[in-house]
Each structure stands twice: as structure tokens, then as C-alpha cells.
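Student: Provided below: my_file-v5.tsv, containing TSV, C-alpha atoms and all ligand atoms.
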```
chain	number	residue	atom	x	y	z
A	245	MET	CA	20.52	-23.14	6.66
A	246	ASP	CA	24.06	-24.29	6.15
A	247	ILE	CA	25.28	-21.57	3.80
A	248	ALA	CA	28.46	-22.39	1.87
A	249	ARG	CA	30.86	-19.49	1.41
A	250	GLU	CA	33.17	-18.85	-1.45
A	251	LEU	CA	34.48	-15.38	-0.70
A	252	VAL	CA	36.46	-12.98	-2.88
A	253	ALA	CA	40.07	-12.49	-1.72
A	254	LYS	CA	40.56	-9.22	0.16
A	255	GLU	CA	42.90	-7.72	-2.43
A	256	LYS	CA	40.39	-8.47	-5.19
A	257	LEU	CA	37.40	-6.67	-3.61
A	258	LYS	CA	35.90	-3.86	-5.71
A	259	PRO	CA	36.58	-0.27	-4.62
A	260	LEU	CA	33.63	1.51	-3.02
A	261	PHE	CA	32.01	4.43	-4.83
A	262	GLU	CA	33.45	7.72	-3.57
A	263	ASP	CA	30.26	9.71	-3.18
A	264	PRO	CA	27.28	7.45	-2.35
A	265	LEU	CA	24.89	10.38	-2.79
A	266	LYS	CA	25.78	10.40	-6.52
A	267	LEU	CA	25.21	6.67	-7.08
A	268	PRO	CA	22.81	5.95	-9.95
A	269	PHE	CA	20.02	3.41	-9.38
A	270	GLY	CA	20.92	-0.23	-9.90
A	271	ARG	CA	24.11	0.02	-11.95
A	272	ASN	CA	26.72	-1.00	-9.40
A	273	PHE	CA	26.77	-4.31	-7.59
A	274	THR	CA	28.62	-5.62	-4.56
A	275	ASP	CA	31.29	-8.35	-4.51
A	276	HIS	CA	29.04	-11.29	-3.63
A	277	MET	CA	25.61	-12.76	-4.26
A	278	PHE	CA	23.50	-15.42	-2.59
A	279	THR	CA	22.22	-18.37	-4.60
A	280	MET	CA	20.07	-21.41	-3.79
A	281	GLU	CA	18.68	-24.03	-6.15
A	282	TYR	CA	15.42	-25.96	-6.25
A	283	VAL	CA	15.12	-29.51	-7.52
A	284	PRO	CA	11.92	-31.54	-7.20
A	285	ALA	CA	13.51	-34.43	-5.28
A	286	SER	CA	15.02	-32.32	-2.47
A	287	GLY	CA	13.39	-28.88	-2.53
A	288	TRP	CA	15.63	-25.86	-1.95
A	289	ILE	CA	19.28	-26.91	-1.74
A	290	ARG	CA	22.87	-25.60	-1.88
A	291	PRO	CA	22.53	-22.17	-0.27
A	292	CYS	CA	25.71	-20.32	-1.09
A	293	ILE	CA	27.35	-16.91	-0.87
A	294	LYS	CA	29.72	-16.61	-3.81
A	295	PRO	CA	31.36	-13.96	-6.01
A	296	TYR	CA	28.89	-11.77	-7.95
A	297	GLY	CA	28.94	-12.79	-11.57
A	298	PRO	CA	27.09	-14.12	-14.64
A	299	LEU	CA	24.77	-17.11	-14.36
A	300	ALA	CA	25.08	-20.11	-16.66
A	301	LEU	CA	21.60	-21.09	-17.86
A	302	ASP	CA	20.36	-23.26	-20.68
A	303	PRO	CA	18.96	-21.12	-23.54
A	304	SER	CA	15.74	-23.14	-23.30
A	305	ALA	CA	15.31	-22.30	-19.59
A	306	ASN	CA	11.70	-21.53	-18.68
A	307	VAL	CA	12.40	-17.95	-17.58
A	308	PHE	CA	13.55	-16.93	-21.07
A	309	HIS	CA	10.40	-18.16	-22.80
A	310	TYR	CA	7.50	-18.30	-20.37
A	311	SER	CA	8.69	-15.79	-17.76
A	312	GLN	CA	8.40	-17.66	-14.53
A	313	GLU	CA	10.12	-14.91	-12.56
A	314	VAL	CA	9.37	-13.05	-9.35
A	315	PHE	CA	11.40	-10.49	-7.47
A	316	GLU	CA	11.46	-8.20	-4.47
A	317	GLY	CA	12.83	-4.72	-3.91
A	318	GLN	CA	13.97	-3.66	-0.45
A	319	LYS	CA	16.81	-1.72	1.13
A	320	ALA	CA	19.40	-1.86	3.91
A	321	TYR	CA	20.28	1.38	5.70
A	322	LYS	CA	23.15	2.33	8.00
A	323	SER	CA	22.22	4.12	11.21
A	324	ALA	CA	24.42	6.86	12.68
A	325	PRO	CA	26.00	4.38	15.19
A	326	GLY	CA	26.80	2.08	12.23
A	327	GLU	CA	24.16	-0.64	12.56
A	328	VAL	CA	22.79	-2.21	9.36
A	329	LEU	CA	18.99	-1.95	9.35
A	330	MET	CA	16.24	-3.37	7.17
A	331	PHE	CA	12.68	-2.06	7.01
A	332	ARG	CA	9.87	-4.62	7.48
A	333	PRO	CA	11.76	-7.40	5.65
A	334	ARG	CA	9.24	-10.06	6.74
A	335	GLU	CA	6.62	-8.22	4.71
A	336	ASN	CA	8.85	-8.58	1.65
A	337	ALA	CA	9.43	-12.28	2.37
A	338	ARG	CA	5.67	-12.86	2.65
A	339	ARG	CA	5.02	-10.98	-0.56
A	340	LEU	CA	7.75	-12.95	-2.34
A	341	ASN	CA	5.92	-16.12	-1.35
A	342	ARG	CA	2.56	-14.74	-2.50
A	343	SER	CA	4.14	-13.86	-5.86
A	344	LEU	CA	5.71	-17.34	-6.05
A	345	ARG	CA	2.34	-19.03	-5.42
A	346	ARG	CA	0.67	-16.94	-8.13
A	347	MET	CA	3.35	-17.85	-10.64
A	348	CYS	CA	3.25	-21.61	-9.83
A	349	MET	CA	6.71	-21.49	-8.29
A	350	PRO	CA	7.86	-23.21	-5.07
A	351	GLU	CA	7.75	-21.13	-1.90
A	352	ILE	CA	10.80	-20.49	0.27
A	353	ALA	CA	10.63	-20.59	4.08
A	354	GLU	CA	10.27	-17.02	5.34
A	355	ASN	CA	13.10	-17.50	7.84
A	356	ASP	CA	15.40	-18.82	5.11
A	357	ILE	CA	14.77	-15.72	2.98
A	358	LEU	CA	15.58	-13.50	5.95
A	359	GLU	CA	18.64	-15.53	6.90
A	360	ALA	CA	19.95	-15.39	3.33
A	361	GLU	CA	19.53	-11.60	3.24
A	362	CYS	CA	21.14	-11.11	6.65
A	363	GLU	CA	24.12	-13.37	5.97
A	364	LEU	CA	24.76	-11.69	2.62
A	365	LEU	CA	24.44	-8.25	4.23
A	366	LYS	CA	26.92	-9.22	6.95
A	367	VAL	CA	29.47	-10.20	4.29
A	368	GLU	CA	28.74	-6.97	2.36
A	369	ARG	CA	28.45	-4.66	5.36
A	370	ARG	CA	31.04	-2.20	3.97
A	371	TRP	CA	28.76	-1.63	0.97
A	372	VAL	CA	25.91	-0.17	3.03
A	373	PRO	CA	26.50	3.59	2.62
A	374	ALA	CA	26.89	5.48	5.91
A	375	VAL	CA	25.11	8.56	4.53
A	376	LYS	CA	21.45	9.38	5.01
A	377	GLY	CA	19.70	9.23	1.66
A	378	ALA	CA	21.94	6.50	0.26
A	379	SER	CA	21.28	2.82	0.92
A	380	LEU	CA	22.00	-0.71	-0.27
A	381	TYR	CA	19.21	-1.91	-2.55
A	382	ILE	CA	18.37	-5.62	-2.14
A	383	ARG	CA	17.00	-7.54	-5.12
A	384	PRO	CA	15.89	-11.12	-4.30
A	385	THR	CA	14.88	-12.93	-7.50
A	386	VAL	CA	13.51	-16.39	-8.34
A	387	ILE	CA	13.56	-17.81	-11.88
A	388	GLY	CA	12.45	-21.03	-13.57
A	389	THR	CA	15.55	-22.78	-14.88
A	390	GLU	CA	14.37	-26.10	-16.28
A	391	ALA	CA	15.66	-26.63	-19.83
A	392	ALA	CA	12.43	-27.45	-21.68
A	393	LEU	CA	10.19	-25.63	-24.18
A	394	GLY	CA	6.93	-27.32	-23.19
A	395	ILE	CA	4.50	-24.86	-21.59
A	396	LYS	CA	4.26	-25.92	-17.97
A	397	PRO	CA	5.73	-24.81	-14.66
A	398	SER	CA	9.47	-25.34	-14.51
A	399	SER	CA	10.62	-28.25	-12.33
A	400	GLU	CA	13.83	-26.44	-11.35
A	401	TYR	CA	14.42	-22.95	-9.99
A	402	LEU	CA	17.16	-20.58	-8.90
A	403	PHE	CA	16.77	-18.11	-6.04
A	404	TYR	CA	19.41	-15.40	-5.94
A	405	ILE	CA	19.96	-12.15	-4.12
A	406	ILE	CA	22.05	-9.30	-5.47
A	407	LEU	CA	22.86	-6.00	-3.79
A	408	SER	CA	23.32	-2.57	-5.33
A	409	PRO	CA	24.44	0.59	-3.51
A	410	VAL	CA	22.13	3.44	-4.50
A	411	GLY	CA	21.96	7.18	-3.92
A	412	PRO	CA	18.78	9.09	-3.09
A	413	TYR	CA	16.05	9.09	-5.73
A	414	PHE	CA	15.87	12.88	-5.64
A	415	LYS	CA	19.37	14.34	-5.67
A	416	GLU	CA	18.56	17.94	-4.70
A	417	GLY	CA	15.51	17.73	-2.49
A	418	PHE	CA	12.14	16.69	-3.84
A	419	ASN	CA	11.40	17.08	-7.52
A	420	PRO	CA	7.69	16.67	-8.22
A	421	VAL	CA	7.15	14.17	-11.05
A	422	SER	CA	4.64	14.47	-13.89
A	423	LEU	CA	2.25	11.64	-14.75
A	424	TRP	CA	0.53	10.78	-17.99
A	425	VAL	CA	-2.78	8.93	-17.69
A	426	SER	CA	-3.16	6.18	-20.24
A	427	ASP	CA	-6.76	5.46	-21.19
A	428	THR	CA	-5.85	2.82	-23.73
A	429	TYR	CA	-3.02	0.74	-22.27
A	430	SER	CA	-3.42	-1.14	-19.01
A	431	ARG	CA	-0.93	-2.65	-16.58
A	432	ALA	CA	-2.99	-5.48	-15.13
A	433	GLY	CA	-6.43	-6.96	-15.69
A	434	SER	CA	-8.86	-8.68	-13.40
A	435	GLY	CA	-7.67	-12.24	-12.73
A	436	GLY	CA	-4.20	-11.45	-14.06
A	437	THR	CA	-0.86	-11.09	-12.33
A	438	GLY	CA	-1.01	-7.45	-11.20
A	439	GLU	CA	-0.67	-8.35	-7.53
A	440	ALA	CA	2.47	-10.41	-8.12
A	441	LYS	CA	5.87	-8.75	-8.34
A	442	THR	CA	6.77	-10.42	-11.60
A	443	GLY	CA	8.85	-9.13	-14.49
A	444	GLY	CA	6.14	-9.67	-17.10
A	445	ASN	CA	4.02	-6.90	-15.59
A	446	TYR	CA	6.88	-4.53	-16.29
A	447	ALA	CA	7.60	-5.84	-19.79
A	448	GLY	CA	3.98	-5.10	-20.71
A	449	SER	CA	4.18	-1.58	-19.27
A	450	LEU	CA	7.29	-0.39	-21.11
A	451	LEU	CA	5.57	0.81	-24.30
A	452	ALA	CA	3.12	3.07	-22.46
A	453	THR	CA	5.97	4.43	-20.33
A	454	LEU	CA	7.99	5.14	-23.47
A	455	GLU	CA	5.05	7.08	-24.93
A	456	ALA	CA	4.69	9.02	-21.69
A	457	THR	CA	8.36	9.99	-21.63
A	458	LYS	CA	8.25	10.95	-25.34
A	459	LYS	CA	5.45	13.36	-24.44
A	460	GLY	CA	7.59	14.78	-21.63
A	461	TYR	CA	6.01	13.04	-18.62
A	462	SER	CA	8.03	10.90	-16.29
A	463	GLN	CA	5.66	8.00	-15.60
A	464	VAL	CA	2.30	6.45	-16.43
A	465	LEU	CA	-0.70	6.68	-14.12
A	466	TRP	CA	-2.53	3.42	-14.71
A	467	LEU	CA	-6.30	3.08	-14.71
A	468	ASP	CA	-8.32	-0.13	-14.33
A	469	ALA	CA	-8.25	-2.37	-17.40
A	470	GLY	CA	-12.02	-2.85	-17.59
A	471	GLU	CA	-13.37	0.70	-17.92
A	472	HIS	CA	-10.22	2.86	-17.94
A	473	ARG	CA	-11.92	4.93	-15.33
A	474	TYR	CA	-10.49	4.20	-11.88
A	475	VAL	CA	-6.98	5.05	-10.72
A	476	GLU	CA	-4.76	2.07	-9.85
A	477	GLU	CA	-1.07	2.94	-9.45
A	478	VAL	CA	2.03	4.51	-10.98
A	479	GLY	CA	4.95	2.57	-12.51
A	480	ALA	CA	6.58	1.02	-9.46
A	481	MET	CA	4.68	3.03	-6.86
A	482	ASN	CA	1.29	3.12	-5.21
A	483	ILE	CA	-0.57	6.42	-5.27
A	484	PHE	CA	-2.09	8.70	-2.65
A	485	PHE	CA	-4.29	11.81	-2.92
A	486	VAL	CA	-5.07	14.37	-0.27
A	487	ILE	CA	-8.76	15.12	-0.96
A	488	ASP	CA	-10.58	17.52	1.39
A	489	ASN	CA	-7.73	17.05	3.87
A	490	LYS	CA	-8.18	13.30	3.92
A	491	LEU	CA	-5.62	10.80	2.64
A	492	VAL	CA	-7.22	8.68	-0.07
A	493	THR	CA	-5.72	5.72	-1.92
A	494	PRO	CA	-7.21	3.18	-4.35
A	495	ALA	CA	-8.55	0.10	-2.55
A	496	LEU	CA	-6.68	-3.10	-3.37
A	497	SER	CA	-8.56	-4.58	-6.26
A	498	GLY	CA	-6.51	-7.64	-7.14
A	499	THR	CA	-4.70	-5.72	-9.87
A	500	ILE	CA	-2.77	-3.34	-7.61
A	501	LEU	CA	0.59	-4.34	-6.18
A	502	GLN	CA	0.37	-4.37	-2.38
A	503	GLY	CA	3.18	-1.98	-1.53
A	504	ILE	CA	4.85	-2.07	1.87
A	505	THR	CA	5.42	1.68	1.68
A	506	ARG	CA	1.68	2.07	0.96
A	507	LYS	CA	0.83	-0.05	3.98
A	508	SER	CA	3.27	1.91	6.16
A	509	VAL	CA	1.90	5.29	5.05
A	510	MET	CA	-1.63	4.10	5.89
A	511	GLU	CA	-0.54	2.82	9.29
A	512	LEU	CA	1.29	6.08	10.11
A	513	ALA	CA	-1.46	8.41	8.90
A	514	PRO	CA	-3.72	8.46	12.00
A	515	GLU	CA	-0.73	9.15	14.26
A	516	LEU	CA	0.46	11.97	12.01
A	517	GLY	CA	-3.02	13.46	12.16
A	518	ILE	CA	-4.70	12.63	8.87
A	519	ALA	CA	-7.62	10.26	8.30
A	520	VAL	CA	-7.08	7.64	5.62
A	521	GLU	CA	-9.57	6.11	3.24
A	522	GLU	CA	-9.22	3.21	0.78
A	523	ARG	CA	-11.77	3.31	-2.00
A	524	ARG	CA	-12.31	3.45	-5.74
A	525	ILE	CA	-11.13	6.79	-7.13
A	526	ALA	CA	-12.33	7.85	-10.57
A	527	ILE	CA	-9.84	9.79	-12.70
A	528	ASP	CA	-12.64	12.33	-13.32
A	529	GLU	CA	-12.82	13.00	-9.58
A	530	VAL	CA	-9.04	13.47	-9.48
A	531	VAL	CA	-8.78	15.98	-12.32
A	532	ALA	CA	-11.90	17.89	-11.22
A	533	GLY	CA	-10.50	17.96	-7.67
A	534	ILE	CA	-7.13	19.27	-8.83
A	535	ALA	CA	-8.88	21.99	-10.86
A	536	SER	CA	-11.11	23.01	-7.93
A	537	GLY	CA	-8.38	22.75	-5.29
A	538	ARG	CA	-10.07	19.93	-3.35
A	539	VAL	CA	-7.15	17.70	-4.27
A	540	SER	CA	-4.32	19.49	-2.49
A	541	GLU	CA	-1.61	16.84	-2.87
A	542	VAL	CA	-0.76	13.79	-4.92
A	543	PHE	CA	2.19	11.52	-4.16
A	544	GLY	CA	3.53	8.09	-5.01
A	545	ALA	CA	4.85	5.66	-2.40
A	546	GLY	CA	7.39	2.89	-3.00
A	547	THR	CA	10.73	1.61	-1.74
A	548	ALA	CA	12.91	3.31	-4.38
A	549	ALA	CA	11.80	6.94	-3.87
A	550	VAL	CA	9.98	6.37	-0.53
A	551	ILE	CA	7.62	9.27	-1.30
A	552	SER	CA	7.45	10.90	-4.71
A	553	PRO	CA	5.42	14.12	-4.97
A	554	VAL	CA	3.36	14.47	-8.14
A	555	GLY	CA	3.24	17.98	-9.60
A	556	LYS	CA	1.28	17.41	-12.79
A	557	ILE	CA	-1.19	14.91	-14.26
A	558	ALA	CA	-2.03	14.82	-17.96
A	559	TYR	CA	-5.41	13.38	-18.94
A	560	ARG	CA	-7.05	13.50	-22.36
A	561	GLY	CA	-4.77	16.22	-23.66
A	562	GLN	CA	-4.98	18.50	-20.66
A	563	ASP	CA	-2.41	19.17	-17.92
A	564	TYR	CA	-3.65	19.43	-14.35
A	565	VAL	CA	-1.07	21.09	-12.07
A	566	VAL	CA	-1.24	20.10	-8.41
A	567	ASP	CA	-0.63	22.91	-5.92
A	568	ASN	CA	1.64	24.92	-8.27
A	569	ASN	CA	3.94	21.94	-8.74
A	570	ARG	CA	5.20	22.18	-5.15
A	571	THR	CA	5.92	19.44	-2.62
A	572	GLY	CA	3.03	19.39	-0.20
A	573	PRO	CA	3.27	19.21	3.60
A	574	TRP	CA	1.91	15.65	3.83
A	575	ALA	CA	4.34	14.26	1.27
A	576	GLN	CA	7.15	15.90	3.23
A	577	LYS	CA	5.85	14.61	6.58
A	578	PHE	CA	5.51	11.01	5.39
A	579	PHE	CA	8.94	11.16	3.76
A	580	ASP	CA	10.59	12.55	6.91
A	581	THR	CA	8.84	10.06	9.18
A	582	LEU	CA	9.51	6.98	7.05
A	583	THR	CA	13.17	7.82	6.38
A	584	GLY	CA	13.60	8.78	10.05
A	585	ILE	CA	12.44	5.30	11.08
A	586	GLN	CA	14.41	3.56	8.32
A	587	TYR	CA	17.72	5.19	9.34
A	588	GLY	CA	17.12	4.59	13.05
A	589	GLU	CA	16.71	8.30	13.91
A	590	LEU	CA	13.11	8.06	15.10
A	591	ALA	CA	11.83	5.62	17.70
A	592	ASP	CA	10.63	2.37	16.16
A	593	THR	CA	7.41	1.88	18.10
A	594	ARG	CA	5.97	-0.71	15.70
A	595	GLY	CA	8.80	-3.21	15.35
A	596	TRP	CA	9.37	-2.22	11.71
A	597	VAL	CA	13.14	-2.00	11.95
A	598	TYR	CA	15.16	-5.20	11.71
A	599	VAL	CA	18.75	-4.99	12.93
A	600	VAL	CA	21.14	-7.18	10.92
A	601	GLY	CA	23.16	-8.86	13.70
A	701	LIG	C1	7.22	-2.88	-5.85
A	701	LIG	C2	6.06	-2.16	-6.41
A	701	LIG	C3	5.38	-1.15	-5.68
A	701	LIG	C4	5.85	-0.61	-4.35
A	701	LIG	O1	5.97	-1.56	-3.35
A	701	LIG	P1	6.88	-1.25	-2.07
A	701	LIG	O2	6.79	-2.49	-1.26
A	701	LIG	O3	6.31	-0.07	-1.38
A	701	LIG	O4	8.26	-0.96	-2.58
A	701	LIG	C5	4.24	-0.60	-6.26
A	701	LIG	N1	3.80	-0.97	-7.48
A	701	LIG	C6	4.45	-1.91	-8.20
A	701	LIG	C7	3.92	-2.29	-9.54
A	701	LIG	C8	5.59	-2.54	-7.70
A	701	LIG	O5	6.23	-3.45	-8.44
```
Let's see the structure in the file written out as C-alpha cells.
Ligand SMILES: *Cc1c(COP(=O)(O)O)cnc(C)c1O
Tutor:
Amino acid sequence: MDIARELVAKEKLKPLFEDPLKLPFGRNFTDHMFTMEYVPASGWIRPCIKPYGPLALDPSANVFHYSQEVFEGQKAYKSAPGEVLMFRPRENARRLNRSLRRMCMPEIAENDILEAECELLKVERRWVPAVKGASLYIRPTVIGTEAALGIKPSSEYLFYIILSPVGPYFKEGFNPVSLWVSDTYSRAGSGGTGEAKTGGNYAGSLLATLEATKKGYSQVLWLDAGEHRYVEEVGAMNIFFVIDNKLVTPALSGTILQGITRKSVMELAPELGIAVEERRIAIDEVVAGIASGRVSEVFGAGTAAVISPVGKIAYRGQDYVVDNNRTGPWAQKFFDTLTGIQYGELADTRGWVYVVG
């Protein structure tokens, strides 16, 4: 790609945050963003790195009414010698394209997505925190921009990438989260858009999450939409259980987002010494297993927190406390291994680490 550059003058660059470990999630943004437009006659055109700032869109733009929107969530890390690293970014590019196909939006060449991310990261290198635990969150987004209220796929699109320096999800070590199981709301139904990373899935999940937080739980554990019986995932994370010393996770059903952290945990498991099983998991099995001690650990897996131990699950008015609300050894092991690879401390034997040149 021939990326145009319109860079902020040196004296006008924003000051960096003093303590990256205290950075809140997604509230601060870097100096620049990447943008590229799609028009039917020419495809994706005008790749550009320009100052971060508001977009000008027609109020009738498709995204505001019919939600043609997909996004990704990934991170750049700084290794001790100062290299900028990404973790399995091709997986994110592939998933972005799968989401785009599902939402009737034009795909973007995988190499162009990667090039856009790398070139933006090179410009914003100083924003990648040089502290383990902190990172630069990458948010690629595609929206339908055609100004028309007719219900049909937009003919024009905007692809943009913004960057946000973030601190660790858990400020003082792990903090097991509590989950509330909804047996009335659902996140995604069969044949719907649950596998796509699209904003509408989140819009529809906010009310249940609000109810969960009002009751004192931090997130919703979603069950299948058909029977409200089988576990699917948590908010923005996939879920794992250690049942009889085996790692068990819900099989991909078409309604579960295919997490790259999930995939990585499953690929690491045999090497770390635990067998892994993908299958349907009934919520009844989970709560009975927690009560009997057969379920020894529960944890979420996703880019933001990496691994998030679950200390409590509420189902039908009863709280089930997992292993005295402690962080289990497997959650710790997966967290240490994944972050070790991501920050370049552990050998990358699988080609998961991508060095930004
Ligand atoms: C992004 C996301 C995940 C986690 O995916 P990762 O690639 O591991 O970050 C899980 N569930 C949902 C609904 C998501 O949007």
C-alpha cells in the first residue's frame, strides 16, 4: 500500500501518561490513526495515517441506523530490549474478514490489514508502554458510511485503526470475578451474528450486564439461546473449566466468538500438562461440579484480561463459590505462559509473536 502521511508536528504531540500501570482501559488515545475508504468503483482506497480526531459522517450513514460495523481487539507489547511485538495478528486479520463477510461488508487483504497496523505502530512506537502488564490496545474498525436510509448493505465503508495505551486488567494481582448466569436473556441465537465481532452483539448484551452489576456481579455468563441450558461465554471472554483435572471449554457452536486467547490456551494445554476437551457443558453440570469440588477452577480468556479467574457463579438465586474464591494454579500457569510469550520473555516456539519492524 502507498500510505499517505499527515503527521502531527513534534511540539504538538500529546504527553505520555506518567504511570502506564495506572492507565484505565480505552480512555486515552495516541496522536494518530489509520484510515482507508471503500468505494464500489475502486475498492479500498486512500490509505492514510493522520492526526487522531473526530470523523465527519452523514447522519444517515448506514452504521448509525443498521449497524454495519465490525471490529477487532488486539495489543502491541514492548519487550525488555525495546522491540514492539504483536501476538498472532494474522488470526485477528482473518477473523476481521470473517466478521466482514457475515455482515455483508467488503473484505480487506490480510497483508494490508497487517501493514496498516505495523505502519501505524511504527509512527506511534513511543506509545507502547515499556512496562510488563501495560500495552497498546489496537482497535481496527470497519463501518458502513453510505448516506442512505434504505435497508441494504452500504456501498461505501471506512476502515480505521485507533490505538489506546492500557494498564493491566488486574491492578494488584488477580482478582477473581463473579458471574451471574442469565436464564432469560441471550447474547446470540442460532443463525445469528454471535460469531462475528460486531457492535450489535454488545448493544444487545448491555441490559443483562446492567442487571448483573446491579445485583453485585461483574459479568454475565451466557447460556445458549434455545434452551438456556448450555454454557457459551462471558461478556468479552471465552470460558474454561477445570473438571476432574481436565480443561473443558464449550465447543464452538456458531454462536460463540472464536477467541484467539481461547485457541492459544487450547494449543498450550497439552504442553503444560493438562488434557483439553471441547464439548457442550450444561450449567447444571457446572454448578453441581462446583458444589462437589469436581470443578476446581473456572476462568475466562480474552485479549483484554488475558486470563480472568472466576471466583463465584450465581445461578437461579444461589451463589456457587469456586475454590474459596482463589486464583487456581491453571489460571496462573496460562496467564504466566501467555504473557511471557507476548512480552518476548519466553521462547516463541510456535511463531505466534510478530515483531513490528
Ligand atoms: C473478542 C471477544 C472474545 C475474545 O477473543 P480474543 O481473540 O481472545 O480477544 C470473546 N468473546 C467475545 C464476545 C468477544 O467479542
Student: Name the residues, using the chain letters and numbers of the file, that sit within 7 Å of (18.4, -7.3, 13.2) when counting all atoms listed in the file, and give them as a list of chain:residue names.
Tutor: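 With a cut-off of 7 Å, the residues come to A:Leu329, A:Tyr598, A:Val599, A:Val600, A:Gly601.
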Student: Mind running region 377-474 of chain A against region 488-498 of chain A at 10 Å and telling me each contacting residue's nearest atom pair with the distance in Å (one decimal), counting all atoms listed in the file, chain and number ascending, as CSV?
Tutor:
```
residue,atom,partner,partner_atom,distance
A:Ala432,CA,A:Gly498,CA,9.0
A:Gly433,CA,A:Gly498,CA,8.6
A:Ser434,CA,A:Gly498,CA,6.8
A:Gly435,CA,A:Gly498,CA,7.3
A:Gly436,CA,A:Gly498,CA,8.2
A:Thr437,CA,A:Gly498,CA,8.4
A:Gly438,CA,A:Gly498,CA,6.8
A:Glu439,CA,A:Gly498,CA,5.9
A:Ala440,CA,A:Gly498,CA,9.4
A:Asp468,CA,A:Ser497,CA,9.2
A:Tyr474,CA,A:Pro494,CA,8.3
```
Student: Hey, which residues sit close to ligand LIG 701 (chain A)? Say within 8 Å, counting all atoms listed in the file, and write them as a PDB file with C-alpha atoms, in the coordinates of the input.
Tutor:
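result.pdb, written as the output of this step:
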```pdb
ATOM      1  CA  GLU A 316      11.460  -8.200  -4.470  1.00  0.00           C
ATOM      2  CA  GLY A 317      12.830  -4.720  -3.910  1.00  0.00           C
ATOM      3  CA  GLN A 318      13.970  -3.660  -0.450  1.00  0.00           C
ATOM      4  CA  ASN A 336       8.850  -8.580   1.650  1.00  0.00           C
ATOM      5  CA  GLY A 438      -1.010  -7.450 -11.200  1.00  0.00           C
ATOM      6  CA  GLU A 439      -0.670  -8.350  -7.530  1.00  0.00           C
ATOM      7  CA  ALA A 440       2.470 -10.410  -8.120  1.00  0.00           C
ATOM      8  CA  LYS A 441       5.870  -8.750  -8.340  1.00  0.00           C
ATOM      9  CA  THR A 442       6.770 -10.420 -11.600  1.00  0.00           C
ATOM     10  CA  ASN A 445       4.020  -6.900 -15.590  1.00  0.00           C
ATOM     11  CA  TYR A 446       6.880  -4.530 -16.290  1.00  0.00           C
ATOM     12  CA  GLU A 477      -1.070   2.940  -9.450  1.00  0.00           C
ATOM     13  CA  VAL A 478       2.030   4.510 -10.980  1.00  0.00           C
ATOM     14  CA  GLY A 479       4.950   2.570 -12.510  1.00  0.00           C
ATOM     15  CA  ALA A 480       6.580   1.020  -9.460  1.00  0.00           C
ATOM     16  CA  MET A 481       4.680   3.030  -6.860  1.00  0.00           C
ATOM     17  CA  ASN A 482       1.290   3.120  -5.210  1.00  0.00           C
ATOM     18  CA  ILE A 500      -2.770  -3.340  -7.610  1.00  0.00           C
ATOM     19  CA  LEU A 501       0.590  -4.340  -6.180  1.00  0.00           C
ATOM     20  CA  GLN A 502       0.370  -4.370  -2.380  1.00  0.00           C
ATOM     21  CA  GLY A 503       3.180  -1.980  -1.530  1.00  0.00           C
ATOM     22  CA  ILE A 504       4.850  -2.070   1.870  1.00  0.00           C
ATOM     23  CA  THR A 505       5.420   1.680   1.680  1.00  0.00           C
ATOM     24  CA  ARG A 506       1.680   2.070   0.960  1.00  0.00           C
ATOM     25  CA  LYS A 507       0.830  -0.050   3.980  1.00  0.00           C
ATOM     26  CA  ALA A 545       4.850   5.660  -2.400  1.00  0.00           C
ATOM     27  CA  GLY A 546       7.390   2.890  -3.000  1.00  0.00           C
ATOM     28  CA  THR A 547      10.730   1.610  -1.740  1.00  0.00           C
ATOM     29  CA  ALA A 548      12.910   3.310  -4.380  1.00  0.00           C
ATOM     30  CA  VAL A 550       9.980   6.370  -0.530  1.00  0.00           C
TER      31      VAL A 550
END
```
Student: As an exercise, work out the distance from CA of Ala549 (chain A) to CA of Trp574 (chain A) in Å and give it to one decimal place.
Tutor: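 CA of Trp574 (chain A) lies at a distance of 15.3 Å from CA of Ala549 (chain A).
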Student: Which value, in Å to one decimal, gives the distance between CA of Arg332 (chain A) and CA of Glu515 (chain A)?
Tutor: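 Interatomic distance here is 18.7 Å.
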Student: Can you measure CA of Val554 (chain A) to CA of Ser540 (chain A) for me? One decimal in Å is fine.
Tutor: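 Separation between CA of Val554 (chain A) and CA of Ser540 (chain A): 10.8 Å.
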Student: With only C-alpha atoms as the counted atoms, please give the residues lying no more than 7 Å from region 342-344 of chain A, apart from itself and same-chain residues fewer than 4 positions off, as a CSV table (one decimal) with C-alpha atoms, in the frame of the given file.
Tutor:
```
chain,number,residue,atom,x,y,z
A,314,VAL,CA,9.4,-13.0,-9.4
A,338,ARG,CA,5.7,-12.9,2.6
A,348,CYS,CA,3.2,-21.6,-9.8
A,349,MET,CA,6.7,-21.5,-8.3
A,350,PRO,CA,7.9,-23.2,-5.1
A,351,GLU,CA,7.8,-21.1,-1.9
A,440,ALA,CA,2.5,-10.4,-8.1
A,441,LYS,CA,5.9,-8.8,-8.3
```
Student: Using only C-alpha atoms, can you list as a list of chain:residue names the residues within 8 Å of (20.3, 10.2, 5.7)?
Tutor: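 Here the neighbourhood of the point contains A:Val375, A:Lys376, A:Gly377, A:Ala378, A:Thr583, A:Tyr587.
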Student: Pick the closest to Asp356 (chain A) from A:Phe315, A:Phe261, A:Trp424, A:Phe403: which is it, counting only C-alpha atoms?
Tutor: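 Going through A:Phe315, A:Phe261, A:Trp424, A:Phe403 one by one, the smallest distance to Asp356 (chain A) is for A:Phe403.
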Student: Just checking: using only C-alpha atoms, which residue out of A:Ala535, A:Ala253, A:Leu364, A:Leu358 ends up closest to Met277 (chain A)?
Tutor: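 Of A:Ala535, A:Ala253, A:Leu364, A:Leu358, the one nearest Met277 (chain A) is A:Leu364, counting only C-alpha atoms.
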Student: Could you name the residues that touch Lys459 (chain A) at 12 Å or less, counting only C-alpha atoms, but leaving out those on the same chain fewer than 6 positions away, as a ChimeraX atom specification?
Tutor: /A:422-426,452-453,558,561,563
Student: Pick the closest to Gly287 (chain A) from A:Phe485, A:Gly417, A:Ala353, A:Val307: which is it, counting only C-alpha atoms?
Tutor: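 Of A:Phe485, A:Gly417, A:Ala353, A:Val307, the one nearest Gly287 (chain A) is A:Ala353, counting only C-alpha atoms.
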Student: Extract, using only C-alpha atoms, all DNA, RNA and protein residues at most 10 Å from Asp580 (chain A), discarding same-chain residues fewer than 5 positions from it, and format them as a PyMOL selection string.
Tutor: chain A and resi 550-551+574-575+585-586+590
Student: Residues within 8 Å of Ile405 (chain A), please, as a list in words. Count only C-alpha atoms; anything in the same chain fewer than 5 positions from it doesn't count.
Tutor: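 Neighbouring residues, sequence-local ones excluded: Met277, Phe278, Thr279, Glu361, Ile382, Arg383, Pro384 and Thr385 of chain A.
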Student: Pick out the closest residue to Thr428 (chain A) from this set: A:Gly394, A:Pro573, A:Gly388, A:Gly470. Count all atoms listed in the file.
Tutor: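 Between A:Gly394, A:Pro573, A:Gly388, A:Gly470, the residue approaching Thr428 (chain A) most closely is A:Gly470.
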Student: Which residue is closest to Pro303 (chain A)? Choose from A:Asp246, A:Glu522, A:Glu390, A:Glu511 and count all atoms listed in the file.
Tutor: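 Smallest distance to Pro303 (chain A) is found for A:Glu390.
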Student: What lies within 6 Å of Lys294 (chain A) using only C-alpha atoms, ignoring chain neighbours under 3 positions off, as a list in words?
Tutor: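 Counting only C-alpha atoms, the residues come to Glu250, Leu251, His276 and Met277 of chain A.
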